[in-house]
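A.B. asks: I'm passing along my_file_33.txt; it holds compact mmCIF, C-alpha atoms and all ligand atoms.
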# COMPACT_ATOMS: atom_id res chain seq x y z
CA MET A 168 0.00 0.00 0.00
CA PRO A 169 1.35 3.43 -0.87
CA ASP A 170 0.93 6.18 1.70
CA GLN A 171 -2.61 7.53 1.98
CA PRO A 172 -2.65 10.74 -0.05
CA ARG A 173 -3.02 13.74 2.20
CA SER A 174 -6.04 15.85 1.53
CA PHE A 175 -6.47 19.63 1.73
CA ARG A 176 -9.20 22.14 1.07
CA ILE A 177 -8.77 25.55 -0.55
CA GLU A 178 -10.84 28.39 -1.94
CA ALA A 179 -10.08 29.31 -5.54
CA VAL A 180 -11.15 30.81 -8.84
CA VAL A 181 -10.71 28.71 -11.97
CA ILE A 182 -8.35 30.44 -14.42
CA ARG A 183 -8.54 27.97 -17.32
CA HIS A 184 -8.79 24.28 -18.11
CA ALA A 185 -7.44 21.91 -20.72
CA ASN A 186 -8.44 18.39 -21.67
CA TRP A 187 -6.13 15.65 -20.48
CA GLY A 188 -6.18 12.07 -21.72
CA GLU A 189 -9.55 10.47 -22.45
CA ALA A 190 -11.74 11.86 -19.71
CA ASP A 191 -9.74 14.16 -17.45
CA ARG A 192 -9.14 17.86 -17.20
CA ILE A 193 -6.15 19.83 -15.98
CA LEU A 194 -7.08 23.13 -14.38
CA ALA A 195 -5.08 26.19 -13.50
CA ILE A 196 -6.70 27.79 -10.46
CA TYR A 197 -5.86 30.86 -8.39
CA SER A 198 -6.34 30.06 -4.72
CA ARG A 199 -6.49 32.25 -1.66
CA GLU A 200 -4.17 29.91 0.26
CA ARG A 201 -1.56 28.90 -2.33
CA GLY A 202 -1.80 31.33 -5.23
CA LYS A 203 -1.72 29.80 -8.67
CA ILE A 204 -1.60 26.00 -8.84
CA ARG A 205 -2.51 23.29 -11.33
CA VAL A 206 -4.78 20.42 -10.36
CA ILE A 207 -6.29 17.45 -12.16
CA ALA A 208 -10.01 16.58 -12.27
CA LYS A 209 -10.36 12.88 -13.07
CA GLY A 210 -13.35 11.98 -15.23
CA ALA A 211 -14.44 15.63 -15.52
CA ARG A 212 -15.30 15.19 -19.20
CA LYS A 213 -17.60 12.21 -18.68
CA ILE A 214 -21.17 13.11 -19.52
CA ARG A 215 -22.50 12.57 -16.04
CA SER A 216 -19.58 14.15 -14.19
CA ARG A 217 -20.90 16.14 -11.28
CA LYS A 218 -17.65 18.07 -11.03
CA ALA A 219 -17.59 19.53 -14.53
CA GLY A 220 -20.05 22.41 -14.02
CA HIS A 221 -18.04 23.74 -11.06
CA LEU A 222 -14.81 23.78 -12.98
CA GLU A 223 -15.54 26.32 -15.72
CA PRO A 224 -13.26 29.39 -15.98
CA PHE A 225 -13.94 32.25 -13.53
CA THR A 226 -16.02 30.15 -11.16
CA HIS A 227 -15.42 30.80 -7.45
CA ILE A 228 -15.17 27.42 -5.72
CA THR A 229 -14.07 25.56 -2.63
CA ILE A 230 -12.16 22.52 -3.65
CA GLN A 231 -10.95 19.43 -1.81
CA LEU A 232 -7.67 18.09 -3.17
CA ALA A 233 -5.73 14.90 -2.59
CA LYS A 234 -1.96 15.10 -2.85
CA SER A 235 -0.46 12.74 -5.38
CA ARG A 236 2.99 12.16 -6.83
CA ASP A 237 1.93 14.36 -9.72
CA LEU A 238 -0.68 17.15 -9.66
CA PRO A 239 -3.16 17.34 -6.74
CA ILE A 240 -6.39 15.47 -7.56
CA VAL A 241 -9.80 17.11 -7.23
CA THR A 242 -11.93 14.97 -4.91
CA GLN A 243 -14.76 17.40 -4.14
CA VAL A 244 -15.79 20.78 -5.43
CA GLU A 245 -18.51 23.23 -4.51
CA THR A 246 -19.46 26.45 -6.28
CA LEU A 247 -19.52 29.60 -4.15
CA ASP A 248 -20.35 31.89 -7.08
CA ALA A 249 -20.70 31.00 -10.76
CA TYR A 250 -21.06 34.70 -11.75
CA LEU A 251 -23.88 33.77 -14.10
CA PRO A 252 -24.31 37.26 -15.68
CA LEU A 253 -20.76 36.89 -17.04
CA ARG A 254 -21.81 33.77 -18.93
CA GLU A 255 -24.95 35.23 -20.44
CA ASP A 256 -23.32 38.19 -22.19
CA LEU A 257 -20.39 37.70 -24.54
CA VAL A 258 -18.88 41.14 -23.85
CA ARG A 259 -18.86 40.45 -20.11
CA THR A 260 -17.42 37.01 -20.79
CA GLY A 261 -14.64 38.83 -22.63
CA TYR A 262 -14.02 41.18 -19.67
CA ALA A 263 -13.87 38.28 -17.22
CA SER A 264 -11.47 36.44 -19.53
CA TYR A 265 -9.31 39.57 -19.62
CA LEU A 266 -9.13 39.67 -15.80
CA MET A 267 -8.12 36.03 -15.74
CA GLU A 268 -5.56 36.46 -18.53
CA LEU A 269 -3.80 39.33 -16.75
CA LEU A 270 -3.65 37.31 -13.55
CA ASP A 271 -2.46 34.20 -15.34
CA ARG A 272 0.24 35.99 -17.31
CA LEU A 273 1.59 37.97 -14.37
CA THR A 274 1.68 35.22 -11.73
CA TYR A 275 3.67 32.02 -11.39
CA GLU A 276 3.02 28.70 -9.69
CA GLU A 277 4.63 28.25 -6.26
CA GLU A 278 4.47 32.00 -5.53
CA GLY A 279 2.21 31.30 -2.57
CA GLY A 280 -1.13 32.77 -1.57
CA ASN A 281 -2.02 36.44 -1.63
CA PRO A 282 -5.38 36.85 0.15
CA ALA A 283 -5.66 40.55 -0.80
CA LEU A 284 -5.15 39.75 -4.47
CA PHE A 285 -7.65 36.89 -4.20
CA ARG A 286 -10.17 39.28 -2.69
CA LEU A 287 -9.56 41.77 -5.52
CA LEU A 288 -10.25 39.00 -8.02
CA THR A 289 -13.57 37.84 -6.52
CA ASP A 290 -14.70 41.44 -5.86
CA SER A 291 -13.87 42.39 -9.45
CA LEU A 292 -15.77 39.42 -10.92
CA ALA A 293 -18.79 40.39 -8.79
CA ARG A 294 -18.49 44.02 -10.00
CA LEU A 295 -18.39 42.84 -13.62
CA CYS A 296 -21.77 41.19 -12.94
CA GLN A 297 -23.31 44.19 -11.16
CA GLU A 298 -22.11 47.34 -12.89
CA ALA A 299 -24.10 48.64 -15.85
CA ASP A 300 -20.79 49.86 -17.31
CA PRO A 301 -17.88 47.79 -16.00
CA TRP A 302 -15.22 50.14 -17.40
CA LEU A 303 -14.18 51.39 -13.98
CA ALA A 304 -14.22 47.95 -12.35
CA ILE A 305 -11.71 46.77 -14.94
CA ARG A 306 -9.43 49.81 -14.61
CA TYR A 307 -9.54 49.49 -10.82
CA TYR A 308 -8.58 45.82 -11.07
CA GLU A 309 -5.67 46.69 -13.37
CA MET A 310 -4.30 49.37 -11.05
CA ARG A 311 -4.55 47.18 -7.93
CA LEU A 312 -3.09 44.18 -9.74
CA LEU A 313 -0.06 46.30 -10.69
CA ASP A 314 0.29 47.21 -6.98
CA PHE A 315 0.05 43.65 -5.70
CA LEU A 316 2.49 42.26 -8.25
CA GLY A 317 5.14 44.93 -7.74
CA PHE A 318 4.56 47.01 -10.89
CA ARG A 319 2.87 50.01 -9.28
CA PRO A 320 3.48 52.90 -11.71
CA GLN A 321 4.97 56.08 -10.26
CA LEU A 322 2.33 58.77 -10.92
CA PHE A 323 3.15 61.44 -8.36
CA GLU A 324 6.77 62.29 -9.10
CA CYS A 325 8.88 62.15 -12.26
CA ALA A 326 10.26 58.60 -12.64
CA ASN A 327 13.49 60.13 -13.96
CA CYS A 328 14.37 63.23 -11.86
CA ARG A 329 11.98 62.61 -8.91
CA SER A 330 10.60 66.15 -9.04
CA LYS A 331 6.95 66.57 -8.14
CA ILE A 332 4.57 66.22 -11.09
CA GLU A 333 3.00 69.61 -11.94
CA PRO A 334 -0.55 69.93 -13.33
CA VAL A 335 0.36 69.96 -17.04
CA ASP A 336 0.42 67.27 -19.77
CA GLN A 337 3.21 64.73 -19.14
CA TYR A 338 4.96 61.72 -20.60
CA PHE A 339 4.89 58.10 -19.49
CA SER A 340 7.86 55.74 -19.66
CA PRO A 341 6.99 52.03 -19.53
CA SER A 342 10.63 51.09 -18.98
CA MET A 343 11.01 53.49 -16.03
CA GLY A 344 7.58 52.54 -14.74
CA GLY A 345 6.01 55.95 -14.43
CA VAL A 346 5.32 59.51 -15.43
CA ILE A 347 8.13 61.66 -16.85
CA CYS A 348 8.07 65.44 -16.43
CA PRO A 349 8.11 67.66 -19.57
CA LYS A 350 11.70 68.80 -18.83
CA CYS A 351 13.11 65.23 -18.77
CA GLY A 352 10.71 64.12 -21.50
CA SER A 353 12.36 66.14 -24.25
CA GLY A 354 15.59 64.12 -23.97
CA LEU A 355 14.34 60.56 -23.45
CA PRO A 356 13.44 57.91 -26.07
CA GLY A 357 10.41 55.60 -26.07
CA LEU A 358 7.98 57.86 -24.21
CA TRP A 359 4.21 58.04 -24.53
CA SER A 360 2.31 61.24 -23.94
CA VAL A 361 -0.29 61.36 -21.19
CA SER A 362 -2.79 64.19 -20.78
CA LEU A 363 -3.34 65.98 -17.49
CA GLU A 364 -6.93 64.64 -17.39
CA ALA A 365 -5.94 60.99 -17.90
CA LEU A 366 -3.21 61.30 -15.28
CA LYS A 367 -5.69 62.81 -12.81
CA TYR A 368 -7.95 59.73 -13.04
CA LEU A 369 -5.08 57.23 -12.96
CA ARG A 370 -3.85 58.83 -9.74
CA HIS A 371 -7.36 58.84 -8.32
CA PHE A 372 -7.82 55.11 -9.04
CA GLN A 373 -4.40 54.31 -7.62
CA ARG A 374 -5.01 55.85 -4.21
CA SER A 375 -8.77 55.45 -3.72
CA SER A 376 -11.06 52.69 -2.51
CA TYR A 377 -13.37 51.24 -5.13
CA GLY A 378 -16.29 53.12 -3.59
CA GLU A 379 -14.48 56.44 -4.02
CA ALA A 380 -13.08 55.60 -7.46
CA SER A 381 -16.48 54.52 -8.79
CA ARG A 382 -17.92 57.99 -8.17
CA ALA A 383 -15.64 59.43 -10.88
CA ARG A 384 -17.45 60.36 -14.10
CA VAL A 385 -14.73 59.93 -16.69
CA PRO A 386 -15.41 61.53 -20.12
CA PRO A 387 -15.37 58.99 -23.00
CA ASP A 388 -12.21 60.38 -24.68
CA VAL A 389 -10.33 60.24 -21.37
CA GLN A 390 -11.63 56.68 -20.80
CA LYS A 391 -10.09 55.69 -24.13
CA GLU A 392 -6.78 57.32 -23.27
CA VAL A 393 -6.56 55.75 -19.80
CA GLU A 394 -7.48 52.31 -21.14
CA ALA A 395 -4.96 52.52 -24.01
CA LEU A 396 -2.18 53.67 -21.68
CA VAL A 397 -2.72 50.96 -19.08
CA GLN A 398 -3.04 48.24 -21.69
CA ALA A 399 0.12 49.43 -23.41
CA TYR A 400 1.88 49.26 -20.04
CA PHE A 401 0.70 45.68 -19.50
CA THR A 402 1.77 44.78 -23.02
CA TYR A 403 5.19 46.25 -22.28
CA LEU A 404 5.39 44.26 -19.02
CA LEU A 405 4.36 41.06 -20.73
CA GLU A 406 6.52 41.73 -23.77
CA ARG A 407 3.79 40.61 -26.09
CA GLU A 408 0.20 41.44 -26.96
CA LEU A 409 -2.59 40.26 -24.70
CA ASN A 410 -5.24 38.19 -26.49
CA THR A 411 -8.44 39.30 -24.83
CA PRO A 412 -8.57 43.08 -25.62
CA GLY A 413 -8.67 42.13 -29.32
CA PHE A 414 -11.39 39.58 -28.60
CA ILE A 415 -13.49 42.17 -26.71
CA LYS A 416 -13.14 44.64 -29.62
CA ARG A 417 -14.28 42.01 -32.14
CA VAL A 418 -17.27 40.98 -30.02
CA LYS A 419 -18.36 44.62 -29.58
CA ALA A 420 -18.06 45.24 -33.33
ZN ZN B 1 11.85 64.82 -14.60
Would you write the structure of this file as C-alpha cells?

C.D. replies:
Amino acid sequence: MPDQPRSFRIEAVVIRHANWGEADRILAIYSRERGKIRVIAKGARKIRSRKAGHLEPFTHITIQLAKSRDLPIVTQVETLDAYLPLREDLVRTGYASYLMELLDRLTYEEEGGNPALFRLLTDSLARLCQEADPWLAIRYYEMRLLDFLGFRPQLFECANCRSKIEPVDQYFSPSMGGVICPKCGSGLPGLWSVSLEALKYLRHFQRSSYGEASRARVPPDVQKEVEALVQAYFTYLLERELNTPGFIKRVKA
C-alpha cells in the first residue's frame, strides 16, 4: 500500500482548463491559500460528471484536493459563485477572460497565496456582474493588480528626476515605470504622452477605494486614453500582446 494521499481544502477561482487524456481535465486555479496552482479533475469530461459544471473558468469554488505524486487530484468541489451574468453576455465574458488572462500571465506557480489579491479577483468578478458599465471595475482591477504584483506605476513624481509632477500634460515611460516630467521628456526615447486629465484619473484610481473611485465620471475620450495607456503598459510588461482586448473589440463590433 502506498501512503494515503493527504487531503487539503482551498478556496479558488478557476483560471482555465485543458483536456487531459480520455476523460480528465487539468485546471489552473488561483487560490487564496496557495496562489496559482494546477490540479487534475479525473473523469471531468464524462457526460454525467458532477464536477464539470463547477470547474468552468472564472467560477469561485471551494475545492478538496488529494496530494499525489503528480498534480493534486480534485476529490470534491462546490461552487460559491458561478457569476452567471458573465456567462450570459459575450462582452462580459470577454471582460472576465481579460481579468483572468492578466492574472495568469503575471503570476507564477509556487508564488504562494495572496489573500488581498484573491479578494480583488472575486470582488472584481462580482463588479463585472453588477455594474451597468464595468469600465471602472476593470481599470480598478488593473491598477490594484499592478500594486500587488510589484509594478505600481509612479504617478506622483517624475520617474526620472523625482521632481513633483506639476498639473500639465506629461509623458509616461513604460521602462522606467512611471510619469516623466516635460523637462526630462524632451531628452528621453520611447515615451508616450499622457494628458493631465488621464493622469488625474489614474492617480485617483491608484489611491482610492473602489467606492471612491467609482464615483468618478470619466469623459469617454479620457476613458479611451486611460485604457490605451494601461493596456500598453501591461503589453510592455508582458513583452507581447494580450489576447483578450482584441477579442473584446471584435465581439463589440
Ligand atoms: Zn523629470

A.B. asks: Counting only C-alpha atoms and all ligand atoms, which of A:Arg374, A:Arg329, A:Arg319, A:Lys213 gets nearest to ligand ZN 1 (chain B)?

C.D. replies: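 With only C-alpha atoms and all ligand atoms as the atom set, the closest residue is A:Arg329.
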
A.B. asks: Nearest residue to Val335 in chain A out of A:Lys234, A:Arg382, A:Lys218, A:Lys367, using all atoms listed in the file?

C.D. replies: A:Lys367

A.B. asks: Write out as an MDAnalysis selection string the residues lying within 10 Å of Phe285 in chain A, counting all atoms listed in the file and excluding same-chain residues fewer than 5 positions away.

C.D. replies: chainID A and resid 178:180 197:200 202 280 290:291

A.B. asks: Can you tell me, as lines of an AutoDock Vina configuration file, the centre and edge lengths (Å, one decimal) of the axis-aligned box enclosing all of range 353-369 of chain A's listed atoms after padding each side by 8 Å?

C.D. replies:
center_x = 3.8
center_y = 60.9
center_z = -19.4
size_x = 39.5
size_y = 26.5
size_z = 29.3

A.B. asks: Would you mind telling me which residue in A:Gly344, A:Gly352, A:Pro386, A:Pro252 lies nearest to ligand ZN 1 (chain B) when using all atoms listed in the file?

C.D. replies: A:Gly352

A.B. asks: Show me which residues line ligand ZN 1 (chain B), defined as having an atom within 6 Å of a ligand atom where only C-alpha atoms and all ligand atoms count, and present them as a list of chain:residue names.

C.D. replies: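 Checking only C-alpha atoms and all ligand atoms against ligand ZN 1 (chain B) at 6 Å gives A:Cys325, A:Asn327, A:Cys328, A:Ser330, A:Ile347, A:Cys348, A:Lys350, A:Cys351.
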
A.B. asks: So that I have them on file, write out the residues from the current selection with C-alpha atoms, as a PDB file, in the frame of the given file.

C.D. replies:
ATOM      1  CA  CYS A 325       8.880  62.150 -12.260  1.00  0.00           C
ATOM      2  CA  ASN A 327      13.490  60.130 -13.960  1.00  0.00           C
ATOM      3  CA  CYS A 328      14.370  63.230 -11.860  1.00  0.00           C
ATOM      4  CA  SER A 330      10.600  66.150  -9.040  1.00  0.00           C
ATOM      5  CA  ILE A 347       8.130  61.660 -16.850  1.00  0.00           C
ATOM      6  CA  CYS A 348       8.070  65.440 -16.430  1.00  0.00           C
ATOM      7  CA  LYS A 350      11.700  68.800 -18.830  1.00  0.00           C
ATOM      8  CA  CYS A 351      13.110  65.230 -18.770  1.00  0.00           C
TER       9      CYS A 351
END
